Structures are given as structure tokens and as C-alpha cells.
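Structure below is work_0.cif: mmCIF, C-alpha atoms.
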data_upload
loop_
_atom_site.label_atom_id
_atom_site.label_comp_id
_atom_site.auth_asym_id
_atom_site.auth_seq_id
_atom_site.Cartn_x
_atom_site.Cartn_y
_atom_site.Cartn_z
CA MET B 1 -13.03 125.61 99.10
CA SER B 2 -16.39 124.34 97.97
CA SER B 3 -14.81 122.13 95.30
CA ARG B 4 -12.31 120.72 97.81
CA MET B 5 -15.08 119.97 100.29
CA ALA B 6 -17.13 118.30 97.53
CA GLY B 7 -14.12 116.19 96.52
CA ALA B 8 -13.46 115.16 100.11
CA THR B 9 -17.11 114.20 100.60
CA LEU B 10 -17.12 112.16 97.37
CA LEU B 11 -13.90 110.39 98.35
CA ARG B 12 -15.29 109.63 101.78
CA HIS B 13 -18.36 107.94 100.28
CA LEU B 14 -16.67 106.12 97.39
CA GLY B 15 -13.37 105.28 99.03
CA PRO B 16 -14.56 102.15 100.87
CA ARG B 17 -16.10 100.85 97.63
CA LEU B 18 -13.05 101.38 95.41
CA PHE B 19 -10.17 100.76 97.77
CA VAL B 20 -10.87 97.49 99.55
CA ALA B 21 -8.67 96.58 102.46
CA ALA B 22 -6.45 93.67 101.55
CA GLU B 23 -5.16 90.94 103.77
CA PRO B 24 -1.76 91.60 105.30
CA ALA B 25 0.80 90.90 102.62
CA SER B 26 3.75 92.54 101.02
CA GLY B 27 4.80 93.58 97.52
CA LEU B 28 2.76 92.96 94.40
CA ALA B 29 0.57 90.26 95.91
CA ALA B 30 -1.03 92.67 98.37
CA GLY B 31 -1.52 95.28 95.68
CA ALA B 32 -3.13 92.78 93.32
CA ARG B 33 -5.69 91.70 95.92
CA GLY B 34 -6.63 95.28 96.58
CA ILE B 35 -6.79 96.43 92.96
CA MET B 36 -8.57 93.50 91.30
CA PRO B 37 -11.82 93.75 93.32
CA ALA B 38 -11.93 97.44 92.54
CA ALA B 39 -11.33 96.81 88.84
CA ALA B 40 -14.09 94.21 88.85
CA ARG B 41 -16.49 96.81 90.21
CA ILE B 42 -15.46 99.45 87.69
CA PHE B 43 -15.42 97.12 84.63
CA PRO B 44 -17.86 94.32 85.51
CA ALA B 45 -18.79 93.47 81.89
CA ARG B 46 -15.19 93.17 80.70
CA MET B 47 -14.08 91.15 83.69
CA ALA B 48 -17.04 88.81 83.26
CA SER B 49 -16.03 87.90 79.68
CA THR B 50 -13.22 85.69 80.98
CA GLU B 51 -13.10 83.05 83.68
CA ALA B 52 -14.07 84.71 86.97
CA ALA B 53 -12.60 83.74 90.30
CA ALA B 54 -14.71 81.29 92.26
CA PRO B 55 -16.01 82.12 95.76
CA HIS B 56 -13.78 81.31 98.72
CA ALA B 57 -16.07 78.50 99.82
CA LYS B 58 -15.87 76.93 96.36
CA GLN B 59 -12.09 77.22 96.43
CA GLU B 60 -11.95 75.42 99.79
CA ASP B 61 -14.08 72.58 98.42
CA ASP B 62 -11.97 72.34 95.28
CA ALA B 63 -8.82 72.21 97.38
CA LYS B 64 -9.99 68.87 98.75
CA SER B 65 -10.58 67.40 95.27
CA PRO B 66 -7.93 65.64 93.12
CA GLN B 67 -8.13 68.46 90.57
CA ALA B 68 -6.54 70.82 93.06
CA ALA B 69 -3.22 69.06 92.42
CA ALA B 70 -3.23 70.19 88.79
CA THR B 71 -0.62 72.71 87.79
CA PRO B 72 -1.65 76.30 86.99
CA ALA B 73 -0.86 75.70 83.30
CA GLN B 74 -3.22 72.71 83.21
CA GLN B 75 -5.96 74.63 84.98
CA ASN B 76 -5.59 77.56 82.60
CA LYS B 77 -5.73 75.21 79.59
CA LYS B 78 -9.03 73.75 80.80
CA ALA B 79 -10.46 77.23 81.34
CA VAL B 80 -9.96 78.34 77.74
CA VAL B 81 -13.15 77.60 75.81
CA SER B 82 -12.55 79.71 72.70
CA TYR B 83 -10.14 82.21 71.20
CA TRP B 84 -12.14 85.08 72.70
CA GLY B 85 -12.76 83.65 76.15
CA ILE B 86 -16.48 83.29 75.46
CA GLU B 87 -18.12 79.89 75.50
CA PRO B 88 -19.83 79.29 72.11
CA ARG B 89 -23.50 78.48 71.85
CA LYS B 90 -24.24 74.78 72.24
CA LEU B 91 -25.87 73.13 69.24
CA VAL B 92 -27.57 69.78 68.83
CA LYS B 93 -27.86 67.31 65.97
CA ASP B 94 -31.09 66.04 64.50
CA ASP B 95 -30.98 63.07 66.87
CA GLY B 96 -30.76 65.37 69.91
CA THR B 97 -27.09 64.77 70.74
CA GLU B 98 -24.75 67.70 71.26
CA TRP B 99 -22.83 69.00 68.23
CA PRO B 100 -19.17 68.10 68.92
CA TRP B 101 -17.30 70.19 66.32
CA PHE B 102 -16.08 73.76 66.52
CA CYS B 103 -14.17 73.73 63.19
CA PHE B 104 -17.48 73.61 61.31
CA ARG B 105 -21.13 74.04 62.25
CA PRO B 106 -24.30 72.16 61.19
CA TRP B 107 -25.13 74.75 58.52
CA ASP B 108 -21.73 74.10 56.90
CA THR B 109 -22.50 70.44 56.22
CA TYR B 110 -23.79 69.05 52.92
CA ARG B 111 -24.26 65.89 50.90
CA PRO B 112 -21.62 65.42 48.19
CA ASP B 113 -22.68 65.37 44.56
CA THR B 114 -21.04 62.11 43.52
CA SER B 115 -22.77 62.13 40.13
CA ILE B 116 -20.19 64.55 38.72
CA GLY B 117 -17.94 63.13 36.01
CA VAL B 118 -14.53 62.18 37.37
CA ALA B 119 -12.92 61.38 34.01
CA LYS B 120 -13.23 64.88 32.53
CA HIS B 121 -10.05 66.47 31.20
CA HIS B 122 -9.47 69.96 29.83
CA GLU B 123 -7.36 69.59 26.71
CA PRO B 124 -4.57 72.21 26.74
CA ARG B 125 -4.73 74.43 23.68
CA ALA B 126 -3.02 77.74 24.32
CA LEU B 127 0.62 77.94 25.38
CA PRO B 128 -0.18 78.85 29.04
CA ASP B 129 -2.44 75.79 29.19
CA LYS B 130 0.34 73.54 27.95
CA VAL B 131 2.86 75.00 30.40
CA ALA B 132 0.47 74.55 33.33
CA TYR B 133 -0.32 70.99 32.28
CA PHE B 134 3.35 70.11 31.83
CA VAL B 135 4.29 71.49 35.28
CA VAL B 136 1.53 69.55 37.02
CA ARG B 137 2.28 66.30 35.21
CA SER B 138 5.98 66.60 35.98
CA LEU B 139 5.15 66.62 39.69
CA ARG B 140 3.84 63.06 39.45
CA VAL B 141 7.34 61.53 39.31
CA PRO B 142 8.57 62.70 42.74
CA ARG B 143 5.10 62.12 44.19
CA ASP B 144 5.01 58.47 43.07
CA LEU B 145 8.56 57.87 44.29
CA PHE B 146 7.92 59.38 47.69
CA PHE B 147 4.44 58.06 48.55
CA GLN B 148 4.12 55.00 46.27
CA ARG B 149 0.83 53.37 47.45
CA ARG B 150 0.56 55.22 50.79
CA HIS B 151 -2.61 57.00 49.73
CA ALA B 152 -3.57 58.40 53.14
CA SER B 153 -0.18 60.04 53.61
CA HIS B 154 -0.36 61.40 50.09
CA ALA B 155 -3.81 62.83 50.82
CA LEU B 156 -2.43 64.66 53.86
CA LEU B 157 0.26 66.39 51.82
CA LEU B 158 -2.07 66.99 48.88
CA GLU B 159 -4.65 68.80 51.00
CA THR B 160 -2.07 71.02 52.71
CA VAL B 161 -1.06 72.24 49.24
CA ALA B 162 -4.52 72.25 47.61
CA ALA B 163 -5.94 74.61 50.24
CA VAL B 164 -3.38 77.32 49.39
CA PRO B 165 -4.47 78.50 45.88
CA PRO B 166 -8.12 79.32 46.70
CA MET B 167 -7.07 81.22 49.82
CA VAL B 168 -4.47 83.23 47.87
CA GLY B 169 -6.94 83.93 45.06
CA GLY B 170 -9.69 84.88 47.49
CA VAL B 171 -7.46 87.29 49.39
CA LEU B 172 -6.19 88.97 46.22
CA LEU B 173 -9.72 89.32 44.81
CA HIS B 174 -10.85 90.67 48.17
CA LEU B 175 -8.15 93.34 48.08
CA ARG B 176 -8.98 94.18 44.46
CA SER B 177 -12.66 94.54 45.33
CA LEU B 178 -11.75 97.00 48.11
CA ARG B 179 -9.26 98.83 45.94
CA ARG B 180 -11.61 99.25 42.97
CA PHE B 181 -14.84 99.74 44.96
CA GLU B 182 -16.55 96.95 43.02
CA HIS B 183 -18.28 93.63 43.56
CA SER B 184 -16.57 90.31 42.90
CA GLY B 185 -19.56 88.47 41.45
CA GLY B 186 -19.40 85.89 44.25
CA TRP B 187 -15.87 84.70 43.47
CA ILE B 188 -14.40 85.73 46.82
CA ARG B 189 -16.90 83.59 48.69
CA ALA B 190 -16.53 80.73 46.22
CA LEU B 191 -12.74 80.61 46.61
CA MET B 192 -12.90 80.92 50.40
CA GLU B 193 -15.39 78.05 50.52
CA GLU B 194 -13.05 75.99 48.37
CA ALA B 195 -10.14 76.71 50.73
CA GLU B 196 -12.23 75.72 53.75
CA ASN B 197 -13.42 72.58 51.99
CA GLU B 198 -9.83 71.54 51.27
CA ARG B 199 -8.92 72.18 54.91
CA MET B 200 -11.77 69.94 56.03
CA HIS B 201 -10.35 67.21 53.79
CA LEU B 202 -7.13 67.53 55.77
CA MET B 203 -8.94 67.42 59.12
CA THR B 204 -10.68 64.23 57.94
CA PHE B 205 -7.55 62.39 56.82
CA MET B 206 -5.81 63.32 60.07
CA GLU B 207 -8.29 60.88 61.65
CA VAL B 208 -7.12 58.20 59.22
CA THR B 209 -3.34 58.60 59.56
CA GLN B 210 -0.80 60.86 61.21
CA PRO B 211 2.11 62.45 59.31
CA ARG B 212 5.65 61.39 60.11
CA TRP B 213 8.25 63.98 61.04
CA TRP B 214 9.80 64.10 57.57
CA GLU B 215 6.36 64.49 56.03
CA ARG B 216 5.74 67.46 58.31
CA ALA B 217 9.06 68.92 57.19
CA LEU B 218 8.09 68.37 53.56
CA VAL B 219 4.76 70.12 54.13
CA LEU B 220 6.54 73.06 55.75
CA ALA B 221 8.92 73.44 52.82
CA ALA B 222 6.30 72.83 50.12
CA GLN B 223 3.80 75.25 51.62
CA GLY B 224 6.39 77.99 52.04
CA VAL B 225 7.58 77.72 48.45
CA PHE B 226 4.18 77.10 46.87
CA PHE B 227 2.37 79.93 48.67
CA ASN B 228 4.83 82.57 47.52
CA ALA B 229 5.13 81.15 44.00
CA TYR B 230 1.36 80.99 43.53
CA PHE B 231 0.95 84.48 45.02
CA VAL B 232 3.34 85.94 42.45
CA GLY B 233 1.84 83.82 39.67
CA TYR B 234 -1.69 84.98 40.46
CA LEU B 235 -0.57 88.61 40.38
CA ILE B 236 1.03 88.09 36.98
CA SER B 237 -1.69 85.96 35.35
CA PRO B 238 -4.86 84.83 37.18
CA LYS B 239 -5.96 82.83 34.14
CA PHE B 240 -2.75 80.78 34.22
CA ALA B 241 -3.05 80.35 37.99
CA HIS B 242 -6.60 78.99 37.75
CA ARG B 243 -5.67 76.72 34.86
CA PHE B 244 -2.77 75.36 36.91
CA VAL B 245 -5.12 74.61 39.81
CA GLY B 246 -7.60 73.02 37.43
CA TYR B 247 -4.95 70.53 36.29
CA LEU B 248 -3.82 70.07 39.89
CA GLU B 249 -7.37 69.08 40.80
CA GLU B 250 -7.45 66.65 37.87
CA GLU B 251 -4.42 64.96 39.42
CA ALA B 252 -6.19 64.91 42.78
CA VAL B 253 -9.21 63.19 41.21
CA GLU B 254 -6.92 60.57 39.67
CA SER B 255 -5.12 60.04 42.99
CA TYR B 256 -8.36 59.44 44.87
CA THR B 257 -9.52 57.11 42.10
CA GLU B 258 -6.39 55.01 42.68
CA TYR B 259 -7.14 55.15 46.42
CA LEU B 260 -10.62 53.75 45.76
CA LYS B 261 -9.24 50.98 43.55
CA ASP B 262 -6.95 49.77 46.34
CA LEU B 263 -9.83 49.93 48.83
CA GLU B 264 -12.05 47.86 46.55
CA ALA B 265 -9.24 45.37 45.90
CA GLY B 266 -8.72 44.88 49.63
CA LEU B 267 -5.15 46.22 49.58
CA ILE B 268 -6.20 48.86 52.12
CA GLU B 269 -8.55 48.13 55.00
CA ASN B 270 -11.94 49.74 54.53
CA THR B 271 -12.21 51.03 58.08
CA PRO B 272 -15.25 52.84 59.53
CA ALA B 273 -15.52 56.46 58.46
CA PRO B 274 -14.26 59.05 60.96
CA ALA B 275 -17.00 60.78 62.94
CA ILE B 276 -15.99 64.18 61.57
CA ALA B 277 -16.52 62.92 58.00
CA ILE B 278 -19.93 61.47 58.83
CA ASP B 279 -21.12 64.80 60.19
CA TYR B 280 -19.47 67.00 57.55
CA TRP B 281 -20.77 65.11 54.51
CA ARG B 282 -23.96 63.86 56.22
CA LEU B 283 -22.94 60.27 55.60
CA PRO B 284 -24.80 57.27 57.07
CA ALA B 285 -23.77 56.21 60.55
CA ASP B 286 -22.31 52.98 59.16
CA ALA B 287 -20.27 54.73 56.42
CA ARG B 288 -16.83 53.37 55.61
CA LEU B 289 -13.55 54.89 54.46
CA LYS B 290 -14.55 54.19 50.84
CA ASP B 291 -17.54 56.51 51.24
CA VAL B 292 -15.27 59.25 52.59
CA VAL B 293 -12.80 58.97 49.69
CA THR B 294 -15.70 59.03 47.23
CA ALA B 295 -17.00 62.25 48.79
CA VAL B 296 -13.55 63.86 48.73
CA ARG B 297 -13.06 62.89 45.08
CA ALA B 298 -16.39 64.51 44.19
CA ASP B 299 -15.30 67.72 45.93
CA GLU B 300 -12.05 67.75 43.98
CA ALA B 301 -13.95 67.25 40.72
CA HIS B 302 -16.06 70.32 41.49
CA HIS B 303 -12.92 72.31 42.29
CA ARG B 304 -11.48 71.18 38.95
CA ASP B 305 -14.47 72.48 37.01
CA ALA B 306 -14.65 75.76 38.95
CA ASN B 307 -10.99 76.61 38.31
CA HIS B 308 -11.09 75.67 34.63
CA TYR B 309 -14.20 77.83 34.32
CA ALA B 310 -12.41 80.75 36.01
CA SER B 311 -9.53 80.40 33.58
CA ASP B 312 -11.90 80.25 30.61
CA ILE B 313 -13.50 83.53 31.70
CA HIS B 314 -10.12 85.24 31.58
CA TYR B 315 -9.32 83.73 28.19
CA GLN B 316 -12.49 85.25 26.80
CA GLY B 317 -11.30 88.70 27.79
CA MET B 318 -13.68 88.87 30.76
CA THR B 319 -13.10 89.50 34.44
CA LEU B 320 -14.06 87.53 37.51
CA ASN B 321 -17.09 89.75 37.99
CA GLN B 322 -19.04 86.96 36.31
CA THR B 323 -20.89 84.50 38.52
CA PRO B 324 -18.77 81.44 39.43
CA ALA B 325 -19.71 77.96 38.39
CA PRO B 326 -21.66 75.93 40.98
CA LEU B 327 -19.27 74.12 43.28
CA GLY B 328 -21.64 71.29 44.16
CA TYR B 329 -21.71 71.97 47.90
CA HIS B 330 -23.11 74.52 50.33
#
Could you render the structure as C-alpha cells?
Amino acid sequence: MSSRMAGATLLRHLGPRLFVAAEPASGLAAGARGIMPAAARIFPARMASTEAAAPHAKQEDDAKSPQAAATPAQQNKKAVVSYWGIEPRKLVKDDGTEWPWFCFRPWDTYRPDTSIGVAKHHEPRALPDKVAYFVVRSLRVPRDLFFQRRHASHALLLETVAAVPPMVGGVLLHLRSLRRFEHSGGWIRALMEEAENERMHLMTFMEVTQPRWWERALVLAAQGVFFNAYFVGYLISPKFAHRFVGYLEEEAVESYTEYLKDLEAGLIENTPAPAIAIDYWRLPADARLKDVVTAVRADEAHHRDANHYASDIHYQGMTLNQTPAPLGYH
């Protein structure tokens, strides 16, 4: 009896707090209005992590504004500020203006090392080297036929493919590090940074041109085939995979060199640099497209050297526990 009386007393005191009387309604709507206030009291921290309902007075004021005519889907789209429902911390630039990018932060920016040699070539010696070089060079024929002198469109497709190998290699090395309980010597981070750098190249050239529908279809097909082929190839022979990427980056350097030649010859308009490129590479405010292509070419040259170095380590009978070559950024 004592426990029943204690339960009744507790229910009498807590009942009004948990079970709030709802407005007259029927079905699920009435239940939702009664349950949600109670849930907000029980889990205040969790409920506060997403957009909370505004007070009734605020809702009445908003009902008079033009925004009240927006559809629920539009209102919900405006309410989403991040993947987790939490507004990220606001950052400012050196000049005091607000940092506008969420795909990279101020500490991810750098100045490109354009002093790197762009004419370097790794002469294929062993049979795997020659196979990798032959495969990469054979890809030039369909590339030249399809893109011709449309360098910006070629850059879009190139970066969607170039960002795949470092991500695949980084993931496989990450799994091997977990599986063997050993360090990677910094190679996981180096490859992930390379993948992110290639993705930022893509984000930059999206401000220069937009892909056509058949180019999007080509990217979809090429990425699907290339990802799986490179995944299997890296499992079979990492040294061949890195050598292949090294030659692929040599082709990228040559492609961006041709891009620069057409810009200097006036065949392509040297437009102002996109804002995202100015912030990412810390370029001058008056930078032009030529400066952007020069920075991208320098990045590709560093990727070339890093992948050839990774392949050389394997050829010497060593593992990727050795420290990676400097990538020239970050």
C-alpha cells in the first residue's frame, strides 16, 4: 500500500508537468501537441540541438511577413545549417570579413610552391613502369578527341578521376594500419590530403565552367570503372598503382601547361580568379585565371613526385612505413 500511495503522490505532482493539456483536436495532431512539450522537458539538450519552435508571438509576426508564404520544404531547407543540425563556428579573414567557405577552413589554405620543376619525367625502366606509362599515354588519344582545346571541361573530368587514387590508397593503408596494429609513417594523411587537394581543384573549376549532361554521364561511368579497377590494382601491387598515378600526374602537368599556353596566347579569356581559389591558395585579390591554373599545375607536380617516390620505396623492397616526400602544401 505504501508503494502505491507513493506512486500516486508522485504522479499527482509530476503529472501536470509531463502531460500538458493540448488544444481540442483529434487524431495524431492532438497527440503530437501534447507529447512534444513533454519530450522537450525530458530531453532539453537533444531537442535544442536542432531548430526549436519559435514562440507563438513570433509565429504571429512571421505570419504577416512574405516569408510565411514559403512552402514547408523551403522553410526546412533554410533551417539546415550543417549535416548535424549545429551551426558551425563563425570565422573571419585577416581583413575582418566573415569566412564564407565550409568546404575548407582558413588553416587549410596555403601558398603554392610554383618553383617546382614541371618538366620532370620518370623514365620507365622495369616492366611495370613501362606498362603503366603505356596505359596512361594511350589515354591521350580519346582525351584529345573528346575535349580538343576545351581545357576547363577537361580539367573538370581530370579532377574527378585524379581524386580517386589517393582516397583508395589512403583507405587501404588505413585498414592495413588497423589490421596490423602499426603506424603508416604519415602516408595515410599524405594521401588523404592529396585527395582533398584534388577535390578542391574540382570545386575551383566548377566556378569557371559547368559540365554538360554528357560530361556528367562520362564522369559517372569513368569514376565507377576507375575506382574499382584502381582498388583491385592497389591490392595486387601498390608500387604499380603509385607509378600509374605518377604518370597520370605527369599528363595532368602537361595538360595544364597547354592550358597556360592558350591563356597567354589570348585564345582563352584570362578572367578574374574565382573567390574560392583566391582564398584557398592565398592569391592576390586581383589574381586572374592564369594564376589559378599555375597553382593547380604546381599541385599536380607535387602529386607526381609523391607518387613516384611511393613507387620507388616499394621497388627498393621497403614498405610505406617510410616518411612520405613533402607535398609542397599544408
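In this model, the gap between atom CA of Val168 of chain B and atom CA of Phe227 of chain B comes to 7.6 Å.
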* Quick one: of B:Pro211, B:Gly266, B:Lys120, B:Ala295, who's nearest to Leu283 of chain B, counting only C-alpha atoms? -> B:Ala295
* Asked: Counting only C-alpha atoms, what is within 10 Å of Pro165 of chain B, bar same-chain residues fewer than 5 positions away, as a ChimeraX atom specification?
  -> /B:170-171,191-192,194-195,226-227,230-231,234,241-242,244-245
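In this model, the gap between atom CA of Tyr133 of chain B and atom CA of Leu248 of chain B comes to 8.4 Å.
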* Which residue gives the smallest distance to Ala152 of chain B among B:Glu249, B:Asp95, B:Asp262, B:Asp113, with all atoms listed in the file counted? ->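 Under the stated criterion, the closest residue is B:Asp262.
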* Asked: Interatomic distance between atom CA of Ala277 of chain B and atom CA of Tyr256 of chain B?
  -> 15.8 Å
* To do: Specify as number ranges by chain each residue included when the PyMOL selection byres ((chain B and resi 93) around 12) is applied to this file.
  => B: 90-92, 94-101, 105-107, 109, 279-280, 282
